[in-house]
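Trainee: I'm passing along work.cif; it holds mmCIF, C-alpha atoms.
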```
data_structure
#
loop_
_atom_site.label_atom_id
_atom_site.label_comp_id
_atom_site.auth_asym_id
_atom_site.auth_seq_id
_atom_site.Cartn_x
_atom_site.Cartn_y
_atom_site.Cartn_z
CA MET A 87 -4.55 -27.33 -77.88
CA LEU A 88 -5.11 -26.00 -74.38
CA SER A 89 -6.49 -22.53 -74.04
CA MET A 90 -4.28 -19.91 -72.47
CA PHE A 91 -5.08 -18.15 -69.26
CA ARG A 92 -5.28 -14.37 -69.53
CA PHE A 93 -5.17 -11.64 -66.93
CA ASP A 94 -8.66 -10.14 -67.07
CA GLU A 95 -8.87 -7.47 -64.42
CA LEU A 96 -12.63 -6.93 -64.71
CA ARG A 97 -13.45 -10.65 -64.36
CA LEU A 98 -10.97 -10.92 -61.50
CA GLU A 99 -12.58 -7.99 -59.70
CA GLN A 100 -16.04 -9.53 -60.14
CA ALA A 101 -14.85 -12.90 -58.83
CA LEU A 102 -13.21 -11.24 -55.83
CA GLN A 103 -16.32 -9.21 -55.03
CA ALA A 104 -18.28 -12.47 -54.83
CA LEU A 105 -15.93 -13.77 -52.13
CA THR A 106 -16.04 -13.01 -48.42
CA PRO A 107 -13.48 -10.53 -47.03
CA HIS A 108 -11.57 -13.43 -45.48
CA LYS A 109 -11.36 -15.29 -48.78
CA ARG A 110 -10.18 -12.12 -50.55
CA ALA A 111 -7.38 -11.83 -47.99
CA VAL A 112 -6.42 -15.48 -48.56
CA PHE A 113 -6.33 -14.91 -52.33
CA ALA A 114 -4.11 -11.82 -52.01
CA LEU A 115 -1.79 -13.55 -49.55
CA ALA A 116 -1.44 -16.52 -51.93
CA CYS A 117 -0.41 -14.10 -54.70
CA ALA A 118 2.18 -12.54 -52.39
CA GLU A 119 3.46 -15.93 -51.26
CA ARG A 120 4.08 -17.05 -54.85
CA LEU A 121 6.13 -13.91 -55.47
CA ARG A 122 8.60 -14.81 -52.70
CA PRO A 123 11.14 -16.41 -55.11
CA LEU A 124 11.17 -13.23 -57.22
CA LEU A 125 12.20 -10.92 -54.39
CA GLY A 126 14.84 -8.57 -55.75
CA TYR A 127 14.29 -9.56 -59.40
CA PRO A 128 16.24 -9.53 -61.63
CA LYS A 129 18.65 -10.68 -58.91
CA VAL A 130 16.50 -13.65 -57.91
CA GLY A 131 17.32 -15.75 -54.92
CA ALA A 132 17.51 -12.82 -52.55
CA SER A 133 16.89 -13.93 -49.03
CA SER A 134 14.91 -11.83 -46.64
CA SER A 135 13.92 -12.93 -43.21
CA THR A 136 12.00 -9.65 -43.03
CA LEU A 137 9.72 -10.67 -45.91
CA ASP A 138 9.44 -14.22 -44.61
CA THR A 139 8.46 -12.96 -41.15
CA ALA A 140 5.79 -10.67 -42.60
CA LEU A 141 4.36 -13.43 -44.82
CA VAL A 142 4.19 -15.84 -41.88
CA ALA A 143 2.65 -13.18 -39.61
CA LEU A 144 -0.02 -12.40 -42.20
CA ARG A 145 -0.78 -16.08 -42.73
CA VAL A 146 -1.16 -16.67 -38.99
CA VAL A 147 -3.52 -13.71 -38.68
CA VAL A 148 -5.54 -14.66 -41.77
CA GLU A 149 -5.90 -18.25 -40.62
CA SER A 150 -6.61 -17.49 -36.97
CA GLY A 151 -8.56 -14.28 -37.34
CA SER A 152 -6.75 -12.76 -34.37
CA VAL A 153 -5.11 -9.42 -35.01
CA GLY A 154 -1.95 -8.38 -33.25
CA LEU A 155 0.46 -5.51 -33.42
CA ASP A 156 3.10 -7.95 -34.63
CA LEU A 157 1.52 -8.08 -38.09
CA ALA A 158 1.50 -4.32 -38.66
CA ALA A 159 5.07 -4.09 -37.34
CA ALA A 160 6.21 -6.96 -39.59
CA VAL A 161 4.68 -5.38 -42.69
CA GLN A 162 6.11 -1.95 -41.81
CA ALA A 163 9.56 -3.47 -41.25
CA CYS A 164 9.32 -5.16 -44.64
CA GLU A 165 8.35 -1.92 -46.38
CA ALA A 166 11.10 0.03 -44.57
CA GLY A 167 13.88 -2.53 -44.97
CA LEU A 168 13.21 -3.67 -48.51
CA ASP A 169 12.30 -1.93 -51.76
CA PRO A 170 8.57 -1.17 -51.44
CA ASP A 171 8.32 -1.21 -55.26
CA ASP A 172 9.57 -4.79 -55.39
CA ASP A 173 6.74 -7.04 -56.60
CA ALA A 174 6.96 -9.39 -53.61
CA VAL A 175 6.96 -6.53 -51.10
CA ALA A 176 4.17 -4.66 -52.88
CA ALA A 177 2.01 -7.81 -53.08
CA LEU A 178 2.53 -8.37 -49.35
CA THR A 179 1.48 -4.78 -48.68
CA TYR A 180 -1.62 -5.21 -50.83
CA ALA A 181 -2.48 -8.48 -49.07
CA TYR A 182 -2.19 -6.70 -45.73
CA GLN A 183 -4.50 -3.93 -47.02
CA VAL A 184 -7.05 -6.54 -48.06
CA PHE A 185 -6.95 -8.04 -44.58
CA ALA A 186 -6.96 -4.74 -42.69
CA ALA A 187 -9.44 -2.76 -44.80
CA ASP A 188 -11.15 -5.34 -47.05
CA THR A 189 -10.36 -3.55 -50.27
CA VAL A 190 -11.10 -5.51 -53.43
CA ASP A 191 -8.77 -3.22 -55.38
CA ALA A 192 -5.81 -4.26 -53.24
CA ALA A 193 -6.56 -7.94 -53.96
CA VAL A 194 -6.63 -7.15 -57.68
CA PHE A 195 -3.33 -5.25 -57.34
CA ALA A 196 -1.70 -8.23 -55.57
CA ALA A 197 -2.77 -10.48 -58.43
CA ARG A 198 -1.60 -7.96 -61.01
CA ARG A 199 1.84 -7.84 -59.33
CA GLY A 200 2.07 -11.61 -59.65
CA TYR A 201 1.10 -11.52 -63.31
CA GLU A 202 3.33 -8.55 -64.21
CA ALA A 203 6.34 -10.04 -62.44
CA ARG A 204 6.03 -13.22 -64.51
CA ASP A 205 5.46 -11.12 -67.64
CA ARG A 206 8.73 -9.26 -66.96
CA LEU A 207 10.52 -12.53 -66.27
CA ALA A 208 9.27 -14.03 -69.54
CA THR A 209 10.23 -10.90 -71.48
CA ASP A 210 13.75 -11.05 -70.05
CA GLN A 211 14.17 -14.81 -70.52
CA LEU A 212 12.93 -14.68 -74.09
CA ALA A 213 14.88 -11.48 -74.82
CA ILE A 214 11.88 -10.25 -76.75
CA GLU A 215 10.87 -6.70 -77.49
CA PHE A 216 7.22 -6.02 -76.75
CA THR A 217 6.95 -4.18 -80.08
CA HIS A 218 7.92 -7.36 -81.94
CA PRO A 219 4.97 -8.92 -83.84
CA GLY A 220 3.48 -11.72 -81.78
CA ALA A 221 5.40 -10.69 -78.66
CA GLU A 222 2.31 -10.39 -76.49
CA SER A 223 1.06 -13.92 -77.20
CA THR A 224 4.60 -15.32 -76.93
CA ILE A 225 5.03 -13.76 -73.50
CA LEU A 226 1.54 -14.76 -72.39
CA SER A 227 2.22 -18.37 -73.36
CA HIS A 228 5.44 -18.51 -71.32
CA ALA A 229 5.27 -21.21 -68.63
CA ALA A 230 5.89 -18.79 -65.74
CA VAL A 231 3.06 -16.50 -66.86
CA GLN A 232 0.65 -19.37 -67.46
CA ASP A 233 1.55 -20.99 -64.13
CA GLU A 234 0.76 -17.81 -62.20
CA LEU A 235 -2.51 -17.20 -64.03
CA ARG A 236 -3.48 -20.86 -63.54
CA HIS A 237 -2.70 -20.61 -59.82
CA GLN A 238 -4.85 -17.50 -59.55
CA ALA A 239 -7.76 -19.19 -61.34
CA GLU A 240 -7.43 -22.31 -59.17
CA ASP A 241 -7.30 -20.18 -56.02
CA LEU A 242 -10.50 -18.38 -56.99
CA THR A 243 -12.24 -21.65 -57.80
CA LEU A 244 -11.20 -23.27 -54.51
CA LEU A 245 -12.14 -20.22 -52.47
CA ALA A 246 -15.52 -19.86 -54.16
CA ALA A 247 -16.30 -23.53 -53.53
CA SER A 248 -14.88 -23.88 -50.03
CA ASP A 249 -16.38 -23.18 -46.65
CA GLY A 250 -13.67 -20.66 -45.87
CA ASN A 251 -10.78 -23.04 -45.23
CA SER A 252 -7.72 -21.12 -46.37
CA THR A 253 -5.21 -23.88 -45.76
CA LEU A 254 -5.52 -25.57 -49.18
CA VAL A 255 -4.95 -22.35 -51.09
CA LEU A 256 -2.13 -21.07 -48.87
CA ASP A 257 -0.36 -24.44 -48.76
CA ALA A 258 -0.50 -24.64 -52.56
CA ALA A 259 0.91 -21.10 -52.81
CA GLN A 260 3.69 -21.96 -50.41
CA ARG A 261 4.58 -25.07 -52.40
CA ALA A 262 4.59 -23.05 -55.62
CA SER A 263 6.85 -20.42 -54.06
CA GLY A 264 9.40 -23.09 -53.18
CA ARG A 265 9.64 -24.62 -56.63
CA ILE A 266 12.85 -24.02 -58.50
CA ASP A 267 10.90 -23.56 -61.75
CA ALA A 268 8.75 -20.84 -60.18
CA VAL A 269 11.37 -18.44 -61.46
#
```
The structure given in the file should be rewritten as structure tokens.
Mentor:
Amino acid sequence: MLSMFRFDELRLEQALQALTPHKRAVFALACAERLRPLLGYPKVGASSSTLDTALVALRVVVESGSVGLDLAAAVQACEAGLDPDDDAVAALTYAYQVFAADTVDAAVFAARRGYEARDRLATDQLAIEFTHPGAESTILSHAAVQDELRHQAEDLTLLAASDGNSTLVLDAAQRASGRIDAV
């Protein structure tokens, strides 16, 4: 039997601290990118050019290293035009904070948003009460939860081993965000 991935905030924080600021920003952006299909959950499938524009702007800046006013404006427009408590919007905001201020906490928060969004999705799909015996392990074993935690672990491994090339991680996150079964 395969072992399950778990969200371990302390280990995640330690792994992120070992990365460069650029790699932390890539990790947080990948978490935000994978949340794109869950915008507006539980009404999934919401389309937002505002979120898409901000994600693209952040990716361009993270990959190029050049900062422009367009990024801050895109993130602000996203926060103003969409629900800032939405997991996808919040993860984008955290990813921007990682890039702008190199805060490890914000990278952890972006990852937590990805995990918690899948946890909520699993809880809803399984129609399970958290107080039910075995609920926690049932939810944790749900494919959406395990996929997100696996993606996070793979991202950390790739970033720790790479020479700073963000393309592999961000391309994988973008592919994952476009999968029908991501939700």
Trainee: Under the rule of at most 10 Å, produce a per-residue listing of range 203-249 of chain A near range 119-126 of chain A: chain, number, name, the closest pair of atoms, and the distance in Å, as a Markdown table, using only C-alpha atoms.
Mentor:
```
| residue | atom | partner | partner_atom | distance |
| --- | --- | --- | --- | --- |
| A:Ala203 | CA | A:Leu124 | CA | 7.8 |
| A:Arg204 | CA | A:Leu124 | CA | 8.9 |
| A:Leu207 | CA | A:Leu124 | CA | 9.1 |
| A:Glu234 | CA | A:Arg120 | CA | 8.1 |
| A:His237 | CA | A:Arg120 | CA | 9.1 |
```
Trainee: Give me, please, the distance in Å between CA of Ala158 in chain A and CA of Ser135 in chain A, quoted to one decimal.
Mentor: 15.8 Å
Trainee: From the set A:Lys109, A:His228, A:Arg261, A:Arg92, which residue has the shortest atom-to-atom contact distance to Ala246 in chain A, counting all atoms listed in the file?
Mentor: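 Among the listed residues, A:Lys109 lies closest to Ala246 in chain A.
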Trainee: Using all atoms listed in the file for the distances, tell me which of A:Ser89, A:Ile214, A:Ala118, A:Ala104 is nearest to Gln260 in chain A.
Mentor: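 Looking only at the distances to Gln260 in chain A, the closest residue turns out to be A:Ala118.
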Trainee: Ranking A:Ala181, A:Val112, A:Thr106, A:Ala247 by minimum distance to Arg198 in chain A and counting all atoms listed in the file, which one comes first?
Mentor: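 Answer, going by the shortest atom-to-atom distance: A:Ala181.
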Trainee: If you count only C-alpha atoms, which residues fall within 12 Å of Thr136 in chain A, apart from same-chain ones fewer than 5 positions away, as a ChimeraX atom specification?
Mentor: /A:122,125,141-143,157,159-169,174-175,178
Trainee: If the PyMOL selection byres ((chain A and resi 90) around 8) is run on the structure shown, which residues does it catch, given as a count of residues only?
Mentor: 7
Trainee: Ranking A:Thr243, A:Thr139, A:Gln100, A:Thr209 by minimum distance to Val255 in chain A and counting only C-alpha atoms, which one comes first?
Mentor: A:Thr243
Trainee: Using the chain letters and numbers from this file, what does the PyMOL selection byres ((chain A and resi 252) around 10) select? Give the answer as a ChimeraX atom specification.
Mentor: /A:108-109,111-113,116,145,148-149,241,244-245,248-251,253-257
Trainee: How would the residues just chosen look if you wrote them out with C-alpha atoms as a CSV table (one decimal), keeping the file's coordinate frame?
Mentor:
```
chain,number,residue,atom,x,y,z
A,108,HIS,CA,-11.6,-13.4,-45.5
A,109,LYS,CA,-11.4,-15.3,-48.8
A,111,ALA,CA,-7.4,-11.8,-48.0
A,112,VAL,CA,-6.4,-15.5,-48.6
A,113,PHE,CA,-6.3,-14.9,-52.3
A,116,ALA,CA,-1.4,-16.5,-51.9
A,145,ARG,CA,-0.8,-16.1,-42.7
A,148,VAL,CA,-5.5,-14.7,-41.8
A,149,GLU,CA,-5.9,-18.2,-40.6
A,241,ASP,CA,-7.3,-20.2,-56.0
A,244,LEU,CA,-11.2,-23.3,-54.5
A,245,LEU,CA,-12.1,-20.2,-52.5
A,248,SER,CA,-14.9,-23.9,-50.0
A,249,ASP,CA,-16.4,-23.2,-46.6
A,250,GLY,CA,-13.7,-20.7,-45.9
A,251,ASN,CA,-10.8,-23.0,-45.2
A,253,THR,CA,-5.2,-23.9,-45.8
A,254,LEU,CA,-5.5,-25.6,-49.2
A,255,VAL,CA,-5.0,-22.4,-51.1
A,256,LEU,CA,-2.1,-21.1,-48.9
A,257,ASP,CA,-0.4,-24.4,-48.8
```
Trainee: Which one of A:Glu240, A:Glu99, A:Glu215, A:Glu222 sits closest to Ala192 in chain A if you count all atoms listed in the file?
Mentor: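 Checking each candidate against Ala192 in chain A, we get A:Glu99 as the closest.
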Trainee: Considering all atoms listed in the file, can you say which of A:Leu212, A:Cys117, A:Ala230, A:Leu242 comes closest to Tyr180 in chain A?
Mentor: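 For Tyr180 in chain A, the nearest of the given residues is A:Cys117.
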Trainee: Report, in Å with one decimal, the straight-line distance from CA of Phe93 in chain A to CA of Phe185 in chain A.
Mentor: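 Between CA of Phe93 in chain A and CA of Phe185 in chain A the gap is 22.7 Å.
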